[in-house]
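The next block holds one structure in the form of structure tokens; read it before the comments.
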Amino acid sequence: MISVLNNLINGISLGSIYAIIALGYTMVYGIAKMLNFAHGDVIMVGAYVCFFATGSYGLPPVAGVVLAMVVCTILGVVIERLAYKPLRQAPSLAVLITAIGVSYFLQNAALKLWGSDPKSFRSVVPSGSLSLAGGKLTISYATLVTVLACVVIMVALTAFTGNTKMGKAMRACSEDKGAAQLMGIDVDFTISMTFAIGSALAAIAGVLLCSAYPTLMPTTGSMPGIKAFTAAVFGGIGSIPGALVGGILLGVIEIFGKAYISTQLSDAVVFAVLIVVLLVKPSGLLGKTIREKV
């Protein structure tokens with residue numbers, strides 16, 4: 001029973017990271033109707049910035065995280081302006097290929113700047129753990145911070161999109177960009193803000209990911225990025241609660257798959273569950289089916 005609880009806690013912790021990453025995918029898709037496959041590499045950039053800020057320059061962990069968020073926010077806006085904005089009216093395939101190209105560019109730029117050698121990431125969360133059940137059940141501080149950060153981000157983002165002027169503009173653009181523009185909403189600025197928020201969250205996710213799995217490489221964000229995209233689709237891409245549900249479920253399934261099936265087959269189990277869910281509910285667990293008149 002204790003081992004099951006430990007695996008459940010580890011799954012929720014990993015799933016919380018996936019959920020934070022998935023928010024970037026789901027926000028961009030929900031508003032711009034495009035898949036930003038370079039999002040995983042923004043995670044990597046944020047982790048590297050924090051790594052050098054805290055390691056080479058001696059900044060405190062909080063300052064390193066803030067600096068990573070600032071750099072990734074600027075990077076996200078630059079990517080949107082240079083790579084995606086010119087393709088606003090282009091076919092979706094052109095945008096998809098561009099996103100893959102941006103992803104490869106960021107990975108190769110990281111290889112050029114920082115090399116291919118793995119780096120040991122020092123956790124920004126103090127070491128230690130909370131003991132329960134007479135010491136049989138332990139919850140690390142990193143796990144607590146990760147889950148808490150996920151909950152706070154989800155609540156704040158839900159309040160932001162529901163109660164602020166910019167959040168309402170984002171929802172209006174998601175429904176109908178043309179109508180939103182006629183109502184005086186700056187669609188281009190709104191989309192740029194979406195990229196900025198998603199990229200800032202990617203920086204947080206990158207720092208939390210490397211704090212839990214302290215090996216940093218230029219390909220660090222690739223697989224977590226793919227799994228987070230899977231989580232967004234799982235929960236219903238375009239839905240903020242769906243990103244949370246999909247991320248948590250994906251993390252739990254992955255950890256339990258490694259513990260009770262096989263470490264080699266855990267990823268296969270994750271994607272098999274995704275296929276089953278999409279066969280039953282193509283829009284995802286919390287996604288809405290949109291019917292179009294033709």
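Chain labels run A, B, ... following the order of the structure tokens; each chain numbers its residues from 1, and ligands are numbered from 1 in the order shown.
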Practice task
Report the residues of segment 66-247 of chain A whose backbone DSSP state falls under helix (DSSP H, G or I), written as a ChimeraX atom specification.
Solution key: /A:66-87,92-114,133-135,141-163,165-175,177-182,187-212,222-235,240-247
Practice task
Determine which residues of segment 132-288 of chain A receive a DSSP assignment of strand (DSSP E), computed from the backbone, and state them as a PyMOL selection string.
Solution key: chain A and resi 132+137-140+215-216
Problem - Contacts of segment 191-199 of chain A within 7 Å, only C-alpha atoms, excl. fewer than 3 positions in-chain, as a ChimeraX atom specification - result: /A:23-24,27-28,31-32,42,72-74,76-77,80,187-188,202-203
Include N, CA and C atoms and write out the residues we just selected as a PDB file, in the first residue's frame.
ATOM      1  N   LEU A  23       0.045  23.544 -20.730  1.00  0.00           N
ATOM      2  CA  LEU A  23      -0.670  24.829 -20.786  1.00  0.00           C
ATOM      3  C   LEU A  23      -0.206  25.676 -21.963  1.00  0.00           C
ATOM      4  N   GLY A  24       1.121  25.652 -22.236  1.00  0.00           N
ATOM      5  CA  GLY A  24       1.636  26.415 -23.362  1.00  0.00           C
ATOM      6  C   GLY A  24       1.053  25.938 -24.673  1.00  0.00           C
ATOM      7  N   MET A  27      -2.905  26.776 -24.723  1.00  0.00           N
ATOM      8  CA  MET A  27      -3.234  28.193 -24.893  1.00  0.00           C
ATOM      9  C   MET A  27      -2.994  28.655 -26.323  1.00  0.00           C
ATOM     10  N   VAL A  28      -1.835  28.283 -26.869  1.00  0.00           N
ATOM     11  CA  VAL A  28      -1.510  28.693 -28.241  1.00  0.00           C
ATOM     12  C   VAL A  28      -2.491  28.073 -29.225  1.00  0.00           C
ATOM     13  N   ILE A  31      -6.062  29.688 -28.969  1.00  0.00           N
ATOM     14  CA  ILE A  31      -6.226  31.060 -29.458  1.00  0.00           C
ATOM     15  C   ILE A  31      -5.735  31.219 -30.894  1.00  0.00           C
ATOM     16  N   ALA A  32      -4.525  30.724 -31.189  1.00  0.00           N
ATOM     17  CA  ALA A  32      -3.955  30.894 -32.532  1.00  0.00           C
ATOM     18  C   ALA A  32      -4.280  29.729 -33.453  1.00  0.00           C
ATOM     19  N   VAL A  42      11.871  25.665 -25.773  1.00  0.00           N
ATOM     20  CA  VAL A  42      11.835  26.835 -24.892  1.00  0.00           C
ATOM     21  C   VAL A  42      12.037  26.377 -23.443  1.00  0.00           C
ATOM     22  N   CYS A  72      12.714  33.557 -21.485  1.00  0.00           N
ATOM     23  CA  CYS A  72      11.803  32.718 -22.277  1.00  0.00           C
ATOM     24  C   CYS A  72      10.595  33.513 -22.768  1.00  0.00           C
ATOM     25  N   THR A  73      10.136  34.473 -21.978  1.00  0.00           N
ATOM     26  CA  THR A  73       9.029  35.326 -22.420  1.00  0.00           C
ATOM     27  C   THR A  73       9.429  36.109 -23.663  1.00  0.00           C
ATOM     28  N   ILE A  74      10.621  36.719 -23.609  1.00  0.00           N
ATOM     29  CA  ILE A  74      11.112  37.471 -24.768  1.00  0.00           C
ATOM     30  C   ILE A  74      11.317  36.537 -25.963  1.00  0.00           C
ATOM     31  N   GLY A  76       9.780  33.709 -26.600  1.00  0.00           N
ATOM     32  CA  GLY A  76       8.483  33.304 -27.134  1.00  0.00           C
ATOM     33  C   GLY A  76       7.871  34.361 -28.035  1.00  0.00           C
ATOM     34  N   VAL A  77       7.970  35.628 -27.621  1.00  0.00           N
ATOM     35  CA  VAL A  77       7.430  36.727 -28.431  1.00  0.00           C
ATOM     36  C   VAL A  77       8.203  36.869 -29.733  1.00  0.00           C
ATOM     37  N   GLU A  80       7.246  34.106 -32.116  1.00  0.00           N
ATOM     38  CA  GLU A  80       5.917  34.346 -32.697  1.00  0.00           C
ATOM     39  C   GLU A  80       5.975  35.434 -33.766  1.00  0.00           C
ATOM     40  N   VAL A 187      -5.750  41.611 -32.252  1.00  0.00           N
ATOM     41  CA  VAL A 187      -5.560  40.161 -32.314  1.00  0.00           C
ATOM     42  C   VAL A 187      -4.080  39.800 -32.282  1.00  0.00           C
ATOM     43  N   ASP A 188      -3.244  40.550 -33.027  1.00  0.00           N
ATOM     44  CA  ASP A 188      -1.813  40.237 -33.069  1.00  0.00           C
ATOM     45  C   ASP A 188      -1.179  40.370 -31.683  1.00  0.00           C
ATOM     46  N   ALA A 202       6.775  27.754 -19.576  1.00  0.00           N
ATOM     47  CA  ALA A 202       7.749  26.746 -20.024  1.00  0.00           C
ATOM     48  C   ALA A 202       9.044  26.858 -19.226  1.00  0.00           C
ATOM     49  N   ALA A 203       9.454  28.091 -18.915  1.00  0.00           N
ATOM     50  CA  ALA A 203      10.667  28.283 -18.113  1.00  0.00           C
ATOM     51  C   ALA A 203      10.505  27.670 -16.724  1.00  0.00           C
TER      52      ALA A 203
END
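Of the residues under consideration (A:Val252, A:Met1, A:Ala63, A:Leu148), A:Met1 shows the shortest atom-to-atom contact distance to Ala133 of chain A when counting only C-alpha atoms.
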Problem - Selected residue of minimal separation from Asn7 of chain A among A:Leu201, A:Ala22, A:Ile139, A:Ile237, counting only C-alpha atoms - result: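 Among the listed residues, A:Ile139 lies closest to Asn7 of chain A.
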